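Here's the structure, in C-alpha cells; my notes come after.
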There are 2 protein chains.
Amino acid sequence: MSLSYALLGLLTYGPMTGYQLKKVFDESISHVWAASLSQIYRELSALEKKGYLSSNIEKQSDRPNKKIYSLTETGKAAFIGWLGHFPEKMLTPNRDEFMLRIFFGSRLDHKQVINELKRFIVQMDQYLSLLENIEDEFDVCSSKFSVESEAKEVLFWQLTIKRGHMTIKTLIKWAESCIEDINNFYTKQEEKKGD
Amino acid sequence: MSLSYALLGLLTYGPMTGYQLKKVFDESISHVWAASLSQIYRELSALEKKGYLSSNIEKQSDRPNKKIYSLTETGKAAFIGWLGHFPEKMLTPNRDEFMLRIFFGSRLDHKQVINELKRFIVQMDQYLSLLENIEDEFDVCSSKFSVESEAKEVLFWQLTIKRGHMTIKTLIKWAESCIEDINNFYTKQEEKKGD
DNA sequence: AGGATCATGTAACCGGTTACATGATTAC
DNA sequence: GTAATCATGTAACCGGTTACATGATCCT
C-alpha cells in the first residue's frame, strides 16, 4: 500500500519515531495522503517485521522512551521500486459526502443549499490561506538554501501544494457559480408564475 | 454511511433491482460517489433488514429472477433526515497515489516525471470529454422536459458535473504548469554549470 | 468460438476510523 | 486547574476491493 511507502519515503530523510513521522506527515504529505497516528504505528511495526525498517530504543528518564526507526537497504530499494512505478489510472475515485447531498439538492429548500454552499466557500477560503502560508514558507526555503538537492526537493513540494491551491480556488469559483445558477433558476420560475 | 443513503435516494425515483441501481450509479452518482456491485448487494440486504427497504421477486423464465427493492416510509424518512444534515467539515481528506509520487519526485529522473505528467494530461482530457458529453445530454434534457420538478433535478445534476468539469480543467492546467516549472528548474541548473 | 449483458450473491482481505489505555511535563 | 505536548501502542469496527460461483441469451 501507499501509506507504507510514504513512511519509507520520509525515513529516507533520516531516522525518526512514529510520533515525529506523524508531525512531518501533517505538515507535508497530508495534503496528498492523510494518516492517523494509530495507523502509522501499526504500519511501522508491520514494516519492521518485513525487514524494511529497523528500530532502536532511546531511553528517556522524564518522557516515554523513543522507538527510532531507520530505513534498511531493502526498505530503501522497495521505496525506489515503488516510486518508479506510477499507477496506470491516475484518476482516483471520488467519495464526497457534501457532493452527494448536492446531487439530491432538488429535494431541499434552495435557501438551505445556498447556505451550505456559502459555508463551503468559507471553509475553502480558510484552507486556501493555509496553503498560501505554506507556499510562502517554501519561497523562503528555496531562496535560503540554494543547494541543488534541497532546491529540487522544494520544487516538487511546491508542485503538490500548487495543485491544492489551484483546485481549491476552482472549487470556490464553482460554489459561487452554483449560487448564481440556483438563484437564476428560482427567479425564472417565479417569472413564469407571474405570466 | 453515505452509500446506503445514495441507494435510498435513487430508490425515491422508483423501485429497482441491485443490478439496475449499479447502472444508474455509474451514469450519475459515480462522479461523486463510486460503488461496486458487490457492495451494493451487501448494502441493499442490510437496508432491508433495517426496514428501510422492502423487496419482491419478479420471476423470469429466461433470465435470473429479479429482486426489486422499494423504499419504505421509514426509509424515505431516513433519507430526508440524512439529506438535510450536511457534514460540518466539507473538505474530504485526499489520498492520491499519483500525487504521493510527485511529492517524492526529486528522487526520480525529471524526464520520467514529465512523461507521467503528460500521461496524466491525456487521461484528464479523456475524462473531460466524457464529462462534456454528459453535460450536453443534460442540456438536451432540460430543454425537452421543461416540467418544473424535472428541470430542478437536472439543475443539480448539472452542478455536480460542472464541479468535475472545472476541477479537471484546472488539473490539466496544473500539470502543464508543472512541466514548465520542472523544465525551467533544470535549464537554470545547467546555466549555472555553464558559468 | 468468445465476449458482453442480464442477474444474483458470498467470503476474504485490506486499510482507514474510533475508542481505549497510560502518564509525566509544560504553558496559559 | 486544564489543556496541550511528548510518546507509546491495542482492539474493534466499518466500508471498499477483489475473487469466486452460476448460467442463459445475444451479438460479432
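A note on labels: chains of the C-alpha cells are A, B, ... as shown, every chain counts residues from 1, and ligands are counted from 1 in their shown order.
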_stretch 20-29 of chain B environment, 8 Å, only C-alpha atoms (C1' of nucleotides), sequence neighbours closer than 4 positions dropped, as a list in words_ = Leu100 and Phe103 of chain A; Ala6, Leu7, Leu10, Met16, Trp33, Ala34, Ala35, Ser36, Leu37, Ile40 and Trp157 of chain B
Please produce a file of the residues just selected, as a PDB file, in the first residue's frame, where the atoms kept are N, CA and C atoms.
```pdb
ATOM      1  N   LEU A 100     -22.619  14.479  -2.553  1.00  0.00           N
ATOM      2  CA  LEU A 100     -23.727  13.536  -2.625  1.00  0.00           C
ATOM      3  C   LEU A 100     -25.033  14.255  -2.276  1.00  0.00           C
ATOM      4  N   PHE A 103     -26.065  16.493  -5.122  1.00  0.00           N
ATOM      5  CA  PHE A 103     -26.695  15.678  -6.167  1.00  0.00           C
ATOM      6  C   PHE A 103     -28.203  15.570  -5.956  1.00  0.00           C
TER       7      PHE A 103
ATOM      8  N   ALA B   6     -27.228   7.066  -0.564  1.00  0.00           N
ATOM      9  CA  ALA B   6     -27.224   7.226  -2.022  1.00  0.00           C
ATOM     10  C   ALA B   6     -28.208   6.245  -2.647  1.00  0.00           C
ATOM     11  N   LEU B   7     -28.220   5.010  -2.142  1.00  0.00           N
ATOM     12  CA  LEU B   7     -29.135   3.998  -2.666  1.00  0.00           C
ATOM     13  C   LEU B   7     -30.579   4.371  -2.345  1.00  0.00           C
ATOM     14  N   LEU B  10     -31.690   7.103  -4.670  1.00  0.00           N
ATOM     15  CA  LEU B  10     -32.029   6.667  -6.027  1.00  0.00           C
ATOM     16  C   LEU B  10     -33.362   5.939  -6.046  1.00  0.00           C
ATOM     17  N   MET B  16     -36.284  -0.535  -7.914  1.00  0.00           N
ATOM     18  CA  MET B  16     -35.243  -1.034  -8.803  1.00  0.00           C
ATOM     19  C   MET B  16     -34.556  -2.254  -8.226  1.00  0.00           C
ATOM     20  N   TRP B  33     -19.697   9.678  -5.957  1.00  0.00           N
ATOM     21  CA  TRP B  33     -19.576   8.575  -5.009  1.00  0.00           C
ATOM     22  C   TRP B  33     -19.623   7.250  -5.779  1.00  0.00           C
ATOM     23  N   ALA B  34     -18.474   6.606  -5.871  1.00  0.00           N
ATOM     24  CA  ALA B  34     -18.380   5.354  -6.632  1.00  0.00           C
ATOM     25  C   ALA B  34     -18.814   4.166  -5.789  1.00  0.00           C
ATOM     26  N   ALA B  35     -19.346   3.128  -6.432  1.00  0.00           N
ATOM     27  CA  ALA B  35     -19.739   1.908  -5.717  1.00  0.00           C
ATOM     28  C   ALA B  35     -19.631   0.707  -6.631  1.00  0.00           C
ATOM     29  N   SER B  36     -19.255  -0.432  -6.049  1.00  0.00           N
ATOM     30  CA  SER B  36     -19.179  -1.671  -6.821  1.00  0.00           C
ATOM     31  C   SER B  36     -20.457  -2.478  -6.618  1.00  0.00           C
ATOM     32  N   LEU B  37     -20.685  -3.422  -7.521  1.00  0.00           N
ATOM     33  CA  LEU B  37     -21.898  -4.238  -7.452  1.00  0.00           C
ATOM     34  C   LEU B  37     -21.998  -5.018  -6.146  1.00  0.00           C
ATOM     35  N   ILE B  40     -23.074  -2.915  -3.397  1.00  0.00           N
ATOM     36  CA  ILE B  40     -24.483  -2.528  -3.496  1.00  0.00           C
ATOM     37  C   ILE B  40     -25.387  -3.651  -2.987  1.00  0.00           C
ATOM     38  N   TRP B 157     -27.993  18.057 -10.936  1.00  0.00           N
ATOM     39  CA  TRP B 157     -27.080  17.101 -11.579  1.00  0.00           C
ATOM     40  C   TRP B 157     -26.024  17.860 -12.376  1.00  0.00           C
TER      41      TRP B 157
END
```
*Could the residues of chain A within 8 Å of chain B, counting only C-alpha atoms, be given as an MDAnalysis selection string, please?*
chainID A and resid 2 6 9 29:34 83:84 86:87 89:106 108 116 120 123:124 148 152:153 155:157 159:160 162:163 166:167 170:171 174 178 182 189
Write out as a tab-separated table the residues of chain B that have any atom within 12 Å of an atom of chain C, one row each with the nearest atom pair and its distance in Å to one decimal, counting only C-alpha atoms (C1' of nucleotides), sorted by chain and then rising number.
```
residue	atom	partner	partner_atom	distance
B:Thr17	CA	C:DA7	C1'	9.1
B:Gly18	CA	C:DA7	C1'	8.8
B:Tyr19	CA	C:DA7	C1'	6.9
B:Gln20	CA	C:DA7	C1'	9.7
B:Lys22	CA	C:DA7	C1'	11.7
B:Lys23	CA	C:DC6	C1'	11.9
B:Leu37	CA	C:DG9	C1'	9.8
B:Ser38	CA	C:DG9	C1'	7.7
B:Gln39	CA	C:DG9	C1'	10.6
B:Ile40	CA	C:DG9	C1'	10.6
B:Tyr41	CA	C:DG9	C1'	7.3
B:Arg42	CA	C:DG9	C1'	8.5
B:Glu43	CA	C:DG9	C1'	11.9
B:Leu44	CA	C:DG9	C1'	11.5
B:Ser45	CA	C:DG9	C1'	10.5
B:Ile57	CA	C:DT8	C1'	11.6
B:Glu58	CA	C:DA7	C1'	11.6
B:Lys59	CA	C:DA7	C1'	11.6
B:Gln60	CA	C:DA7	C1'	10.4
B:Asp62	CA	C:DC6	C1'	9.9
B:Arg63	CA	C:DC6	C1'	6.7
B:Pro64	CA	C:DA7	C1'	5.2
B:Asn65	CA	C:DA7	C1'	7.0
B:Lys66	CA	C:DA7	C1'	6.9
B:Lys67	CA	C:DT8	C1'	8.6
B:Ile68	CA	C:DA7	C1'	11.4
B:Pro93	CA	C:DG16	C1'	11.1
B:Arg95	CA	C:DG16	C1'	11.0
```
*With a distance threshold of 12 Å and counting only C-alpha atoms (C1' of nucleotides), extract the residues of chain D near chain A and express them as JSON, numbers by chain.*
{"D": [5, 6, 7, 8, 9, 10, 11, 16]}
Please, could you write that set of residues out with C-alpha atoms (C1' of nucleotides) as a PDB file, in the first residue's frame?
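Listing of selection.pdb after writing:
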```
ATOM      1  C1'  DT D   5       2.722  18.061  24.104  1.00  0.00           C
ATOM      2  C1'  DC D   6       5.535  14.056  24.315  1.00  0.00           C
ATOM      3  C1'  DA D   7       5.330   9.043  23.406  1.00  0.00           C
ATOM      4  C1'  DT D   8       3.775   4.523  23.118  1.00  0.00           C
ATOM      5  C1'  DG D   9       0.502   1.339  21.456  1.00  0.00           C
ATOM      6  C1'  DT D  10      -4.061  -2.257  21.101  1.00  0.00           C
ATOM      7  C1'  DA D  11      -8.701  -3.696  19.626  1.00  0.00           C
ATOM      8  C1'  DG D  16     -14.242  -0.566  -0.077  1.00  0.00           C
TER       9       DG D  16
END
```
*Please run DSSP on the backbone and report, as a PyMOL selection string, all residues within stretch 11-153 of chain A that come out as helix (DSSP H, G or I).*
chain A and resi 11+18-27+29-31+37-50+73-84+97-103+105-107+110-144+148-153
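Relative to atom CA of B:Tyr52, atom CA of B:Phe79 is found at 9.2 Å.
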*Give the strand (DSSP E or B) residues of chain A, as assigned by DSSP on the backbone, as a list in words.*
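Filtering chain A down to strand (DSSP E or B) leaves Met16, Trp33, Leu53, Ser54, Ser55, Asn56, Ile57, Glu58, Lys66, Lys67, Ile68, Tyr69, Ser70, Leu71 and Arg95 of chain A.
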Please produce an output containing C-alpha atoms for each residue in the selection, written as an mmCIF file, in the first residue's frame.
```cif
data_model
loop_
_atom_site.group_PDB
_atom_site.id
_atom_site.type_symbol
_atom_site.label_atom_id
_atom_site.label_comp_id
_atom_site.auth_asym_id
_atom_site.auth_seq_id
_atom_site.Cartn_x
_atom_site.Cartn_y
_atom_site.Cartn_z
ATOM 1 C CA MET A 16 12.516 9.052 13.136
ATOM 2 C CA TRP A 33 -2.151 11.413 1.696
ATOM 3 C CA LEU A 53 12.833 -0.924 8.798
ATOM 4 C CA SER A 54 14.972 -1.454 11.865
ATOM 5 C CA SER A 55 14.465 0.212 15.225
ATOM 6 C CA ASN A 56 16.442 1.074 18.304
ATOM 7 C CA ILE A 57 15.137 2.449 21.536
ATOM 8 C CA GLU A 58 16.437 5.640 23.052
ATOM 9 C CA LYS A 66 11.620 6.741 21.916
ATOM 10 C CA LYS A 67 11.479 3.979 19.355
ATOM 11 C CA ILE A 68 13.531 5.292 16.490
ATOM 12 C CA TYR A 69 13.020 3.680 13.116
ATOM 13 C CA SER A 70 15.650 3.604 10.384
ATOM 14 C CA LEU A 71 15.332 2.553 6.787
ATOM 15 C CA ARG A 95 -16.288 9.959 -2.450
#
```
_Between atom C1' of D:DA21 and atom CA of B:Ala46, distance in Å (one decimal)_ = 21.7 Å
